[in-house]
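Source file: model-v5.csv. Holds: CSV, C-alpha atoms and all ligand atoms.
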```
chain,number,residue,atom,x,y,z
H,1,MET,CA,-15.3,-235.8,29.3
H,2,LYS,CA,-16.4,-239.5,29.0
H,3,LEU,CA,-19.6,-238.8,27.3
H,4,LEU,CA,-22.6,-241.1,27.1
H,5,ILE,CA,-25.1,-240.3,24.4
H,6,THR,CA,-28.3,-242.4,24.5
H,7,GLY,CA,-30.3,-242.8,21.3
H,8,GLY,CA,-27.2,-242.0,19.2
H,9,ALA,CA,-28.5,-244.1,16.3
H,10,GLY,CA,-31.6,-242.0,15.9
H,11,PHE,CA,-32.3,-238.8,14.1
H,12,ILE,CA,-31.0,-236.1,16.5
H,13,GLY,CA,-28.6,-238.5,18.3
H,14,SER,CA,-26.7,-239.3,15.1
H,15,ASN,CA,-26.5,-235.7,14.1
H,16,LEU,CA,-25.2,-234.9,17.6
H,17,ILE,CA,-22.5,-237.6,17.5
H,18,HIS,CA,-21.2,-236.2,14.2
H,19,HIS,CA,-21.3,-232.7,15.7
H,20,VAL,CA,-19.4,-233.4,18.9
H,21,ILE,CA,-17.0,-236.3,18.4
H,22,ASP,CA,-14.1,-234.3,17.3
H,23,PHE,CA,-14.4,-231.7,20.0
H,24,PRO,CA,-11.2,-231.8,22.2
H,25,GLU,CA,-13.2,-232.0,25.4
H,26,VAL,CA,-14.6,-235.4,24.4
H,27,GLU,CA,-12.2,-238.2,25.4
H,28,THR,CA,-14.6,-241.1,24.9
H,29,LEU,CA,-18.0,-241.1,23.3
H,30,VAL,CA,-20.3,-244.1,24.2
H,31,ASN,CA,-23.5,-244.5,22.1
H,32,LEU,CA,-26.1,-246.5,24.0
H,33,ASP,CA,-28.9,-247.5,21.7
H,34,ALA,CA,-31.4,-250.5,21.5
H,35,LEU,CA,-31.7,-250.1,17.7
H,36,THR,CA,-35.5,-250.0,17.5
H,37,TYR,CA,-37.1,-249.3,14.2
H,38,ALA,CA,-35.9,-245.7,14.6
H,39,GLY,CA,-32.3,-246.5,15.3
H,40,HIS,CA,-29.9,-247.2,12.4
H,41,LEU,CA,-26.1,-247.7,12.5
H,42,GLU,CA,-26.0,-246.5,8.9
H,43,ASN,CA,-26.5,-243.0,10.3
H,44,LEU,CA,-23.1,-243.4,11.9
H,45,GLU,CA,-21.0,-244.8,9.1
H,46,GLY,CA,-18.6,-241.8,9.3
H,47,VAL,CA,-17.7,-242.4,12.9
H,48,ARG,CA,-17.9,-246.2,13.2
H,49,ASN,CA,-14.1,-246.5,13.3
H,50,HIS,CA,-13.4,-243.3,15.1
H,51,PRO,CA,-10.9,-244.0,18.0
H,52,LYS,CA,-13.1,-242.2,20.6
H,53,TYR,CA,-16.3,-244.0,19.6
H,54,VAL,CA,-17.8,-247.0,21.4
H,55,PHE,CA,-21.2,-248.6,20.6
H,56,GLU,CA,-23.3,-250.3,23.3
H,57,HIS,CA,-26.3,-252.2,22.0
H,58,VAL,CA,-28.3,-251.9,25.2
H,59,ASP,CA,-32.0,-251.3,26.0
H,60,LEU,CA,-32.6,-248.6,28.6
H,61,ARG,CA,-35.2,-250.8,30.2
H,62,ASP,CA,-32.5,-253.3,31.1
H,63,LYS,CA,-31.5,-251.8,34.4
H,64,ALA,CA,-28.4,-253.9,35.0
H,65,ALA,CA,-27.0,-253.3,31.5
H,66,VAL,CA,-27.5,-249.6,31.9
H,67,ARG,CA,-25.7,-249.6,35.2
H,68,ARG,CA,-22.8,-251.6,33.7
H,69,VAL,CA,-22.4,-249.2,30.8
H,70,VAL,CA,-22.2,-246.1,33.0
H,71,ALA,CA,-19.8,-247.8,35.5
H,72,GLU,CA,-17.6,-249.7,33.0
H,73,HIS,CA,-16.9,-246.6,30.8
H,74,GLY,CA,-16.4,-244.2,33.8
H,75,ILE,CA,-19.0,-242.0,32.3
H,76,THR,CA,-18.8,-238.3,33.4
H,77,HIS,CA,-21.4,-236.7,31.2
H,78,VAL,CA,-24.7,-237.9,29.9
H,79,MET,CA,-26.8,-236.6,27.0
H,80,HIS,CA,-30.0,-238.5,27.2
H,81,LEU,CA,-31.9,-238.6,23.9
H,82,ALA,CA,-33.2,-242.2,23.6
H,83,ALA,CA,-36.9,-242.3,23.5
H,84,GLU,CA,-39.9,-243.5,21.6
H,85,SER,CA,-40.6,-240.2,19.7
H,86,HIS,CA,-43.5,-240.6,17.3
H,87,VAL,CA,-46.8,-239.2,18.5
H,88,ASP,CA,-49.0,-241.3,16.2
H,89,ARG,CA,-47.3,-244.5,17.5
H,90,SER,CA,-48.0,-243.3,21.0
H,91,ILE,CA,-51.7,-243.2,20.2
H,92,THR,CA,-51.9,-246.6,18.8
H,93,GLY,CA,-49.5,-248.3,21.2
H,94,PRO,CA,-48.5,-246.3,24.3
H,95,ASP,CA,-46.8,-249.1,26.2
H,96,ASP,CA,-43.3,-248.6,24.8
H,97,PHE,CA,-43.6,-244.9,25.5
H,98,ILE,CA,-44.2,-245.5,29.2
H,99,THR,CA,-41.5,-248.1,29.6
H,100,THR,CA,-38.7,-246.5,27.5
H,101,ASN,CA,-39.4,-242.8,28.2
H,102,ILE,CA,-40.3,-243.0,31.9
H,103,LEU,CA,-38.7,-246.3,33.3
H,104,GLY,CA,-35.7,-246.0,30.9
H,105,THR,CA,-35.0,-242.5,32.1
H,106,PHE,CA,-35.4,-243.7,35.7
H,107,ASN,CA,-32.9,-246.5,35.1
H,108,LEU,CA,-30.4,-244.1,33.7
H,109,LEU,CA,-30.8,-241.7,36.5
H,110,GLU,CA,-30.3,-244.5,39.0
H,111,ALA,CA,-27.2,-245.8,37.2
H,112,CYS,CA,-25.7,-242.3,37.3
H,113,ARG,CA,-26.6,-241.7,41.0
H,114,ALA,CA,-24.9,-245.0,41.9
H,115,ALA,CA,-21.8,-244.4,39.8
H,116,TRP,CA,-21.4,-240.7,40.7
H,117,ALA,CA,-22.1,-241.0,44.4
H,118,ASP,CA,-18.6,-239.8,45.4
H,119,ASP,CA,-18.8,-236.6,43.2
H,120,LEU,CA,-22.2,-235.6,41.9
H,121,GLN,CA,-21.2,-232.0,41.3
H,122,SER,CA,-18.5,-232.4,38.7
H,123,ARG,CA,-20.7,-234.8,36.6
H,124,ARG,CA,-23.5,-233.7,34.4
H,125,PHE,CA,-26.8,-235.3,33.3
H,126,HIS,CA,-28.4,-233.5,30.3
H,127,HIS,CA,-32.0,-234.6,29.6
H,128,VAL,CA,-33.2,-233.8,26.0
H,129,SER,CA,-36.9,-233.2,25.8
H,130,THR,CA,-39.6,-231.5,23.8
H,131,ASP,CA,-41.8,-228.4,23.7
H,132,GLU,CA,-44.8,-230.8,23.5
H,133,VAL,CA,-44.8,-231.1,27.3
H,134,TYR,CA,-46.3,-227.6,27.4
H,135,GLY,CA,-49.4,-228.5,25.5
H,136,SER,CA,-51.1,-226.4,22.9
H,137,LEU,CA,-51.1,-222.6,22.3
H,138,GLY,CA,-53.8,-220.4,20.8
H,139,PRO,CA,-52.9,-218.1,17.9
H,140,THR,CA,-50.6,-215.9,20.1
H,141,GLY,CA,-48.0,-216.4,22.9
H,142,TYR,CA,-45.0,-218.5,23.4
H,143,PHE,CA,-43.8,-221.3,25.7
H,144,THR,CA,-41.3,-220.1,28.2
H,145,GLU,CA,-39.4,-222.2,30.8
H,146,THR,CA,-42.0,-221.4,33.4
H,147,THR,CA,-45.1,-222.4,31.3
H,148,PRO,CA,-47.0,-225.0,33.2
H,149,TYR,CA,-46.9,-228.5,31.8
H,150,ALA,CA,-50.0,-229.7,30.0
H,151,PRO,CA,-49.2,-232.7,27.8
H,152,ASN,CA,-51.9,-233.9,25.5
H,153,SER,CA,-50.6,-237.2,23.9
H,154,PRO,CA,-49.2,-240.3,25.5
H,155,TYR,CA,-45.8,-239.3,23.9
H,156,SER,CA,-45.8,-235.8,25.5
H,157,ALA,CA,-47.1,-237.2,28.8
H,158,SER,CA,-44.3,-239.7,29.0
H,159,LYS,CA,-41.7,-237.0,28.2
H,160,ALA,CA,-43.2,-234.7,30.8
H,161,ALA,CA,-42.9,-237.5,33.4
H,162,SER,CA,-39.3,-238.1,32.5
H,163,ASP,CA,-38.6,-234.3,32.8
H,164,MET,CA,-40.1,-234.4,36.3
H,165,LEU,CA,-37.9,-237.3,37.4
H,166,VAL,CA,-34.8,-235.4,36.2
H,167,ARG,CA,-36.0,-232.3,38.1
H,168,ALA,CA,-36.5,-234.4,41.2
H,169,TYR,CA,-33.0,-236.0,41.0
H,170,HIS,CA,-31.6,-232.5,41.1
H,171,HIS,CA,-33.6,-231.3,44.0
H,172,THR,CA,-33.6,-234.5,46.0
H,173,TYR,CA,-30.1,-235.9,45.4
H,174,GLY,CA,-28.2,-232.8,44.2
H,175,MET,CA,-27.6,-234.3,40.8
H,176,ASN,CA,-26.1,-231.8,38.4
H,177,THR,CA,-28.8,-231.8,35.7
H,178,VAL,CA,-29.9,-229.7,32.8
H,179,ILE,CA,-33.1,-230.1,30.8
H,180,THR,CA,-33.7,-228.8,27.3
H,181,ASN,CA,-37.1,-228.5,25.6
H,182,CYS,CA,-36.9,-228.1,21.9
H,183,SER,CA,-39.3,-227.5,19.1
H,184,ASN,CA,-39.7,-229.6,15.9
H,185,ASN,CA,-36.5,-230.6,14.3
H,186,TYR,CA,-35.8,-231.3,10.6
H,187,GLY,CA,-32.7,-232.4,8.7
H,188,PRO,CA,-30.8,-235.4,7.5
H,189,TYR,CA,-31.4,-238.9,9.0
H,190,GLN,CA,-34.9,-238.3,10.2
H,191,PHE,CA,-36.9,-241.5,9.9
H,192,PRO,CA,-39.4,-241.3,7.1
H,193,GLU,CA,-42.5,-241.4,9.3
H,194,LYS,CA,-42.3,-237.7,10.3
H,195,LEU,CA,-43.8,-234.9,8.3
H,196,ILE,CA,-41.0,-233.6,6.2
H,197,PRO,CA,-39.5,-236.9,5.0
H,198,VAL,CA,-42.9,-238.4,4.5
H,199,VAL,CA,-43.8,-235.5,2.2
H,200,ILE,CA,-40.5,-235.7,0.3
H,201,GLN,CA,-41.0,-239.5,-0.2
H,202,SER,CA,-44.6,-239.0,-1.3
H,203,VAL,CA,-43.7,-236.4,-3.8
H,204,LEU,CA,-40.9,-238.5,-5.3
H,205,ALA,CA,-43.3,-241.6,-5.5
H,206,ARG,CA,-46.1,-239.4,-6.9
H,207,ARG,CA,-48.3,-240.7,-4.0
H,208,PRO,CA,-51.0,-238.7,-2.2
H,209,ILE,CA,-49.4,-236.5,0.5
H,210,PRO,CA,-51.4,-236.9,3.8
H,211,VAL,CA,-52.1,-233.7,5.6
H,212,TYR,CA,-54.0,-233.9,9.0
H,213,GLY,CA,-57.2,-231.9,9.4
H,214,ASP,CA,-57.2,-228.5,7.7
H,215,GLY,CA,-53.4,-228.4,7.6
H,216,MET,CA,-53.3,-225.2,9.8
H,217,ASN,CA,-51.6,-226.8,12.8
H,218,VAL,CA,-48.5,-224.6,13.5
H,219,ARG,CA,-45.1,-225.8,14.5
H,220,ASP,CA,-41.8,-224.0,15.2
H,221,TRP,CA,-39.2,-225.7,13.0
H,222,LEU,CA,-35.5,-225.8,13.9
H,223,TYR,CA,-32.6,-227.3,11.8
H,224,VAL,CA,-31.2,-230.3,13.6
H,225,ARG,CA,-27.6,-228.9,13.3
H,226,ASP,CA,-28.7,-225.8,15.2
H,227,HIS,CA,-30.3,-228.0,17.9
H,228,CYS,CA,-27.0,-229.9,18.2
H,229,ALA,CA,-25.0,-226.7,18.7
H,230,ALA,CA,-27.5,-225.6,21.4
H,231,LEU,CA,-27.3,-229.0,23.2
H,232,TRP,CA,-23.5,-228.8,23.4
H,233,LEU,CA,-23.7,-225.2,24.8
H,234,VAL,CA,-26.2,-226.3,27.5
H,235,LEU,CA,-24.2,-229.4,28.3
H,236,THR,CA,-21.0,-227.4,28.8
H,237,GLN,CA,-22.2,-224.0,30.0
H,238,GLY,CA,-25.8,-224.4,31.2
H,239,ARG,CA,-26.5,-223.7,34.9
H,240,ALA,CA,-27.2,-226.8,37.1
H,241,GLY,CA,-30.9,-227.5,37.7
H,242,GLU,CA,-32.0,-225.2,34.9
H,243,THR,CA,-34.3,-225.7,31.9
H,244,TYR,CA,-33.5,-224.1,28.5
H,245,ASN,CA,-36.1,-223.8,25.8
H,246,ILE,CA,-34.7,-224.2,22.2
H,247,GLY,CA,-36.6,-223.0,19.1
H,248,GLY,CA,-36.1,-221.4,15.8
H,249,HIS,CA,-38.6,-218.5,15.9
H,250,ASN,CA,-39.8,-220.1,12.7
H,251,GLU,CA,-43.5,-220.9,12.7
H,252,TRP,CA,-45.1,-222.7,9.8
H,253,ALA,CA,-48.6,-224.2,9.3
H,254,ASN,CA,-48.2,-227.8,8.2
H,255,LEU,CA,-49.9,-227.1,4.9
H,256,HIS,CA,-47.5,-224.3,4.0
H,257,ILE,CA,-44.5,-226.5,4.7
H,258,VAL,CA,-45.9,-229.2,2.5
H,259,GLN,CA,-46.5,-226.7,-0.3
H,260,LEU,CA,-42.9,-225.4,0.1
H,261,ILE,CA,-41.5,-228.9,-0.2
H,262,CYS,CA,-43.7,-229.6,-3.3
H,263,ASP,CA,-42.4,-226.4,-5.0
H,264,THR,CA,-38.8,-227.1,-4.1
H,265,ILE,CA,-38.8,-230.6,-5.4
H,266,ASP,CA,-40.6,-229.4,-8.6
H,267,GLU,CA,-37.6,-227.0,-9.0
H,268,PHE,CA,-34.9,-229.7,-8.2
H,269,LYS,CA,-36.5,-232.5,-10.2
H,270,PRO,CA,-38.5,-231.0,-13.1
H,271,GLU,CA,-38.4,-234.5,-14.7
H,272,LEU,CA,-41.2,-235.5,-12.2
H,273,GLY,CA,-43.6,-233.4,-14.2
H,274,GLY,CA,-44.2,-230.5,-11.7
H,275,ASN,CA,-47.3,-229.3,-9.9
H,276,SER,CA,-46.7,-231.7,-7.0
H,277,ARG,CA,-49.1,-229.6,-4.9
H,278,ARG,CA,-52.0,-231.6,-6.6
H,279,LEU,CA,-50.8,-234.6,-4.5
H,280,ILE,CA,-51.9,-232.9,-1.2
H,281,THR,CA,-54.7,-234.9,0.4
H,282,PHE,CA,-56.4,-233.9,3.6
H,283,VAL,CA,-57.0,-236.8,6.0
H,284,LYS,CA,-58.9,-237.2,9.3
H,285,ASP,CA,-57.2,-235.2,12.1
H,286,ARG,CA,-55.0,-236.9,14.7
H,287,PRO,CA,-56.9,-237.2,18.1
H,288,GLY,CA,-55.7,-234.6,20.6
H,289,HIS,CA,-53.7,-232.8,17.8
H,290,ASP,CA,-52.1,-229.7,19.4
H,291,ARG,CA,-53.0,-226.6,17.4
H,292,ARG,CA,-49.9,-224.5,17.8
H,293,TYR,CA,-46.4,-224.7,19.4
H,294,ALA,CA,-44.0,-221.8,19.6
H,295,ILE,CA,-40.9,-221.4,21.7
H,296,ASP,CA,-39.6,-218.3,23.5
H,297,ALA,CA,-35.8,-219.1,23.2
H,298,SER,CA,-34.7,-215.8,24.8
H,299,LYS,CA,-33.2,-217.5,27.9
H,300,ILE,CA,-30.6,-219.6,26.0
H,301,GLN,CA,-29.8,-216.6,23.8
H,302,ARG,CA,-29.3,-214.3,26.7
H,303,GLU,CA,-27.4,-216.7,29.0
H,304,LEU,CA,-25.4,-218.8,26.5
H,305,GLY,CA,-25.4,-216.7,23.4
H,306,TRP,CA,-27.1,-219.3,21.2
H,307,LYS,CA,-29.2,-218.5,18.2
H,308,PRO,CA,-29.9,-220.6,15.1
H,309,ALA,CA,-27.1,-220.2,12.5
H,310,HIS,CA,-29.2,-221.5,9.5
H,311,THR,CA,-32.2,-219.8,8.0
H,312,PHE,CA,-35.2,-222.1,7.3
H,313,GLN,CA,-34.8,-221.4,3.5
H,314,GLU,CA,-31.2,-222.8,3.6
H,315,GLY,CA,-31.9,-225.6,6.0
H,316,ILE,CA,-35.0,-227.0,4.2
H,317,ARG,CA,-33.2,-226.9,0.8
H,318,GLU,CA,-30.2,-228.7,2.2
H,319,THR,CA,-32.5,-231.3,3.8
H,320,ILE,CA,-34.5,-231.9,0.6
H,321,ARG,CA,-31.3,-232.2,-1.3
H,322,TRP,CA,-30.0,-234.7,1.3
H,323,TYR,CA,-33.0,-236.9,0.9
H,324,LEU,CA,-32.8,-236.8,-2.9
H,325,ASP,CA,-29.2,-237.8,-2.7
H,326,HIS,CA,-29.7,-240.6,0.0
H,327,GLN,CA,-32.6,-242.6,-1.4
H,328,ASP,CA,-30.5,-245.7,-0.7
H,329,TRP,CA,-30.6,-244.8,3.0
H,330,VAL,CA,-34.3,-244.3,2.9
H,331,CYS,CA,-34.8,-247.8,1.3
H,332,THR,CA,-32.5,-249.4,3.9
H,333,VAL,CA,-34.2,-247.9,7.0
H,334,LEU,CA,-37.7,-248.5,5.7
H,335,LYS,CA,-37.0,-252.1,4.8
H,336,ARG,CA,-35.9,-252.8,8.4
H,337,ALA,CA,-38.9,-250.9,10.1
H,401,LIG,N1,-37.5,-235.0,16.5
H,401,LIG,C1,-37.9,-233.9,17.1
H,401,LIG,O1,-38.4,-233.0,16.4
H,401,LIG,C2,-37.7,-233.6,18.6
H,401,LIG,C3,-37.9,-232.4,19.1
H,401,LIG,C4,-37.7,-232.1,20.4
H,401,LIG,C5,-37.2,-233.1,21.3
H,401,LIG,N2,-37.0,-234.4,20.7
H,401,LIG,C6,-36.4,-235.4,21.7
H,401,LIG,O2,-35.1,-235.7,21.2
H,401,LIG,C7,-34.8,-237.1,21.4
H,401,LIG,C8,-34.4,-237.7,20.1
H,401,LIG,O3,-35.4,-237.6,19.2
H,401,LIG,P1,-35.3,-238.2,17.7
H,401,LIG,O4,-36.3,-237.5,16.8
H,401,LIG,O5,-33.9,-238.3,17.3
H,401,LIG,O6,-35.8,-239.7,18.0
H,401,LIG,P2,-35.7,-241.0,17.1
H,401,LIG,O7,-37.0,-241.8,17.2
H,401,LIG,O8,-35.2,-240.7,15.7
H,401,LIG,O9,-34.5,-241.8,17.8
H,401,LIG,C9,-34.7,-242.4,19.0
H,401,LIG,C10,-33.5,-243.4,19.3
H,401,LIG,O10,-33.7,-244.0,20.6
H,401,LIG,C11,-33.4,-245.3,20.5
H,401,LIG,N3,-34.2,-246.0,21.5
H,401,LIG,C12,-35.6,-246.1,21.6
H,401,LIG,N4,-36.0,-246.9,22.6
H,401,LIG,C13,-34.8,-247.2,23.3
H,401,LIG,C14,-34.6,-248.0,24.4
H,401,LIG,N5,-35.6,-248.6,25.2
H,401,LIG,N6,-33.3,-248.2,24.8
H,401,LIG,C15,-32.3,-247.6,24.1
H,401,LIG,N7,-32.5,-246.9,23.0
H,401,LIG,C16,-33.7,-246.7,22.6
H,401,LIG,C17,-33.8,-245.7,19.1
H,401,LIG,O11,-33.2,-246.9,18.7
H,401,LIG,C18,-33.4,-244.5,18.3
H,401,LIG,O12,-32.0,-244.7,17.9
H,401,LIG,C19,-36.1,-237.7,22.0
H,401,LIG,O13,-35.9,-237.8,23.4
H,401,LIG,C20,-37.2,-236.7,21.7
H,401,LIG,O14,-38.2,-236.7,22.6
H,401,LIG,C21,-37.2,-234.6,19.4
```

Please, can you express the file's structure as structure tokens?
Amino acid sequence: MKLLITGGAGFIGSNLIHHVIDFPEVETLVNLDALTYAGHLENLEGVRNHPKYVFEHVDLRDKAAVRRVVAEHGITHVMHLAAESHVDRSITGPDDFITTNILGTFNLLEACRAAWADDLQSRRFHHVSTDEVYGSLGPTGYFTETTPYAPNSPYSASKAASDMLVRAYHHTYGMNTVITNCSNNYGPYQFPEKLIPVVIQSVLARRPIPVYGDGMNVRDWLYVRDHCAALWLVLTQGRAGETYNIGGHNEWANLHIVQLICDTIDEFKPELGGNSRRLITFVKDRPGHDRRYAIDASKIQRELGWKPAHTFQEGIRETIRWYLDHQDWVCTVLKRA
């Protein structure tokens, strides 16, 4: 397998590279990343000198460069993660979401179609997407692989569009594709603009912790290491042309997660004075804020035998501990953003 991972310097991509690089199936691992504010080579210190690892500093919007990377390295498998990923940024500035998430995916599909023309079947294109494409749920029910798409933010709309392109390349050209739609991830190396690291940093700095609306928006949280294990299974064993939903069966209202983080940091760092919950500050809700996401992950469990290996209690404690121990990483990535 000559594996191309796009977005490998981001949160999930860097965890994924650590997860797969030593697998015997992987002969070469090429990381294509434009190093936006969200991409940091510091996330990959441990693999920088690995004999299988190659870094390509390339923007997906540069069609010729993407073509070169796929052809030059004889890529056989793609795991496509690179994207603009922050919903708030998609509301204030949607342009990059359209160009990177839609045109970037198109460029990558075209590069693969050209390079793989002689043998589309034995190659594989794995597109990594989000449950946000399905829109918002009421208090009950779950997203399945057949739930109609109903994206509500420029971010989710751009991801939905890219999913549709991948689907079309399977049906039109016979490309060997798989798509995964995953719920909210948490874990090490998540850029401190997303809920969990923002809360950790606010508690440490004794700053107000911003919580949107009434804090009762519900998300299904999955430890990033469990997501990486699922991605590998789908890449290697998923059926061509199929979509697999990935989720933790672990629903939390935002406010309750924030309270849990406050209490855990109070326990880990009593010297901060305790009672961190008093820092919680409700702020004006995000426009178009989806109320609830919840994934039905029974297909991947049934077909590929995947289920999360970590409980939320373990994963969140490991994650908080990681941020406490890596404040130098937080400073470095925030300085460059
Ligand atoms: N984080 C989550 O909870 C979550 C959940 C489900 C799905 N996803 C999907 O997983 C993927 C990775 O998410 P993440 O949270 O790791 O994102 P991230 O924002 O942490 O990382 C994105 C990476 O893509 C790179 N990138 C951005 N634009 C690029 C371009 N034009 N060309 C090349 N590289 C570019 C960035 O430099 C960065 O390294 C995304 O496709 C996202 O939609 C994320």

Gly138 of chain H environment, 8 Å, only C-alpha atoms, sequence neighbours closer than 2 positions dropped, as a PDB file with C-alpha atoms, keeping the file's coordinate frame:
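Result file is selection-v5.pdb:
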```pdb
ATOM      1  CA  SER H 136     -51.100-226.400  22.900  1.00  0.00           C
ATOM      2  CA  THR H 140     -50.600-215.900  20.100  1.00  0.00           C
ATOM      3  CA  GLY H 141     -48.000-216.400  22.900  1.00  0.00           C
ATOM      4  CA  ARG H 291     -53.000-226.600  17.400  1.00  0.00           C
ATOM      5  CA  ARG H 292     -49.900-224.500  17.800  1.00  0.00           C
TER       6      ARG H 292
END
```

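Within a radius of 6 Å around (-30.8, -251.6, 22.9), the polymer residues are Asp33, Ala34, Leu35, His57, Val58 and Asp59 of chain H, counting only C-alpha atoms.
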
Kindly work out which residues sit at most 7 Å from ligand LIG 401 (chain H), using all atoms listed in the file, and give the list as a PyMOL selection string. chain H and resi 6-13+32-40+58-61+81-86+100+104+128-131+159+181-186+190-191

Give me the residues near segment 249-254 of chain H as a VMD selection string, where near means some atom within 6 Å (using all atoms listed in the file) and where sequence neighbours in that chain fewer than 3 positions away do not count. chain H and resid 215 to 221 257

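Note that the spacing between atom CA of Ala205 of chain H and atom CA of Gln313 of chain H amounts to 23.7 Å.
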
Can you work out which one of H:Arg302, H:Val198, H:Ala294, H:Val211 has the shortest atom-to-atom distance to Ile320 of chain H, counting all atoms listed in the file? H:Val198

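The shell of residues at most 9 Å from Tyr142 of chain H, with all atoms listed in the file counted and near chain neighbours (fewer than 3 positions) removed, consists of Leu137, Thr147, Tyr293, Ala294, Ile295 and Asp296 of chain H.
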
Nearby residues (all atoms listed in the file) at most 7 Å from Ile75 of chain H, same-chain spacing under 4 positions excluded, as a ChimeraX atom specification: /H:2-4,70-71

Export of prior selection with C-alpha atoms as a compact mmCIF listing (two decimals), in the frame of the given file:
```txt
# COMPACT_ATOMS: atom_id res chain seq x y z
CA LYS H 2 -16.40 -239.50 29.00
CA LEU H 3 -19.60 -238.80 27.30
CA LEU H 4 -22.60 -241.10 27.10
CA VAL H 70 -22.20 -246.10 33.00
CA ALA H 71 -19.80 -247.80 35.50
```

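When atom CA of Met164 of chain H is paired with atom CA of Val133 of chain H, their separation reads 10.7 Å.
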
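Coordinates place atom CA of Asp96 of chain H at a distance of 18.2 Å from atom CA of Ala65 of chain H.
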
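Proximity of H:Thr99, H:Gln237, H:Thr28, H:Asn176 to Asp119 of chain H, computed with all atoms listed in the file, is greatest for H:Asn176.
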
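The shortest atom-to-atom distance to Lys299 of chain H, with all atoms listed in the file taken into account, belongs to H:Tyr244 out of H:Tyr323, H:Tyr244, H:Phe106, H:Phe282.
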
Pick out the residues sitting within 8 Å of Cys262 of chain H, and hand them over as a ChimeraX atom specification; count all atoms listed in the file, and ignore anything fewer than 6 positions along from it in its own chain. /H:200,203,275-277

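With only the atoms specified (all atoms listed in the file) counting, those residues at most 7 Å away from (-25.1, -226.4, 37.4) are Asn176, Thr177, Gly238, Arg239, Ala240 and Gly241 of chain H.
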
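If you measure from each of H:Val166, H:Leu324, H:Ala297, H:Val66 to Phe268 of chain H using all atoms listed in the file, the closest one turns out to be H:Leu324.
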
For Leu222 of chain H, which residue out of H:Thr311, H:Asn43, H:Thr144, H:Thr76 is the nearest one, using all atoms listed in the file? H:Thr311

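Considering the residues H:Glu110, H:Asp95, H:Asp290, H:Glu314 and counting only C-alpha atoms, Lys63 of chain H has its shortest atom-to-atom contact with H:Glu110.
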
With N, CA and C atoms as the target, complete segment 24-35 of chain H and hand it back as an mmCIF file, in the frame of the given file.
```
data_model
loop_
_atom_site.group_PDB
_atom_site.id
_atom_site.type_symbol
_atom_site.label_atom_id
_atom_site.label_comp_id
_atom_site.auth_asym_id
_atom_site.auth_seq_id
_atom_site.Cartn_x
_atom_site.Cartn_y
_atom_site.Cartn_z
ATOM 1 N N PRO H 24 -12.277 -231.376 21.302
ATOM 2 C CA PRO H 24 -11.200 -231.800 22.200
ATOM 3 C C PRO H 24 -11.621 -232.211 23.571
ATOM 4 N N GLU H 25 -12.735 -231.629 24.048
ATOM 5 C CA GLU H 25 -13.200 -232.000 25.400
ATOM 6 C C GLU H 25 -13.641 -233.413 25.512
ATOM 7 N N VAL H 26 -14.009 -234.020 24.390
ATOM 8 C CA VAL H 26 -14.600 -235.400 24.400
ATOM 9 C C VAL H 26 -13.407 -236.389 24.302
ATOM 10 N N GLU H 27 -13.260 -237.171 25.387
ATOM 11 C CA GLU H 27 -12.200 -238.200 25.400
ATOM 12 C C GLU H 27 -12.719 -239.495 24.841
ATOM 13 N N THR H 28 -13.899 -239.892 25.330
ATOM 14 C CA THR H 28 -14.600 -241.100 24.900
ATOM 15 C C THR H 28 -16.021 -240.748 24.601
ATOM 16 N N LEU H 29 -16.605 -241.338 23.543
ATOM 17 C CA LEU H 29 -18.000 -241.100 23.300
ATOM 18 C C LEU H 29 -18.711 -242.476 23.169
ATOM 19 N N VAL H 30 -19.545 -242.790 24.154
ATOM 20 C CA VAL H 30 -20.300 -244.100 24.200
ATOM 21 C C VAL H 30 -21.688 -243.814 23.672
ATOM 22 N N ASN H 31 -22.086 -244.561 22.663
ATOM 23 C CA ASN H 31 -23.500 -244.500 22.100
ATOM 24 C C ASN H 31 -24.237 -245.680 22.636
ATOM 25 N N LEU H 32 -25.217 -245.425 23.508
ATOM 26 C CA LEU H 32 -26.100 -246.500 24.000
ATOM 27 C C LEU H 32 -27.386 -246.460 23.213
ATOM 28 N N ASP H 33 -27.700 -247.548 22.511
ATOM 29 C CA ASP H 33 -28.900 -247.500 21.700
ATOM 30 C C ASP H 33 -29.431 -248.976 21.556
ATOM 31 N N ALA H 34 -30.763 -249.123 21.634
ATOM 32 C CA ALA H 34 -31.400 -250.500 21.500
ATOM 33 C C ALA H 34 -31.631 -250.811 20.043
ATOM 34 N N LEU H 35 -31.411 -249.847 19.121
ATOM 35 C CA LEU H 35 -31.700 -250.100 17.700
ATOM 36 C C LEU H 35 -33.121 -250.544 17.472
#
```
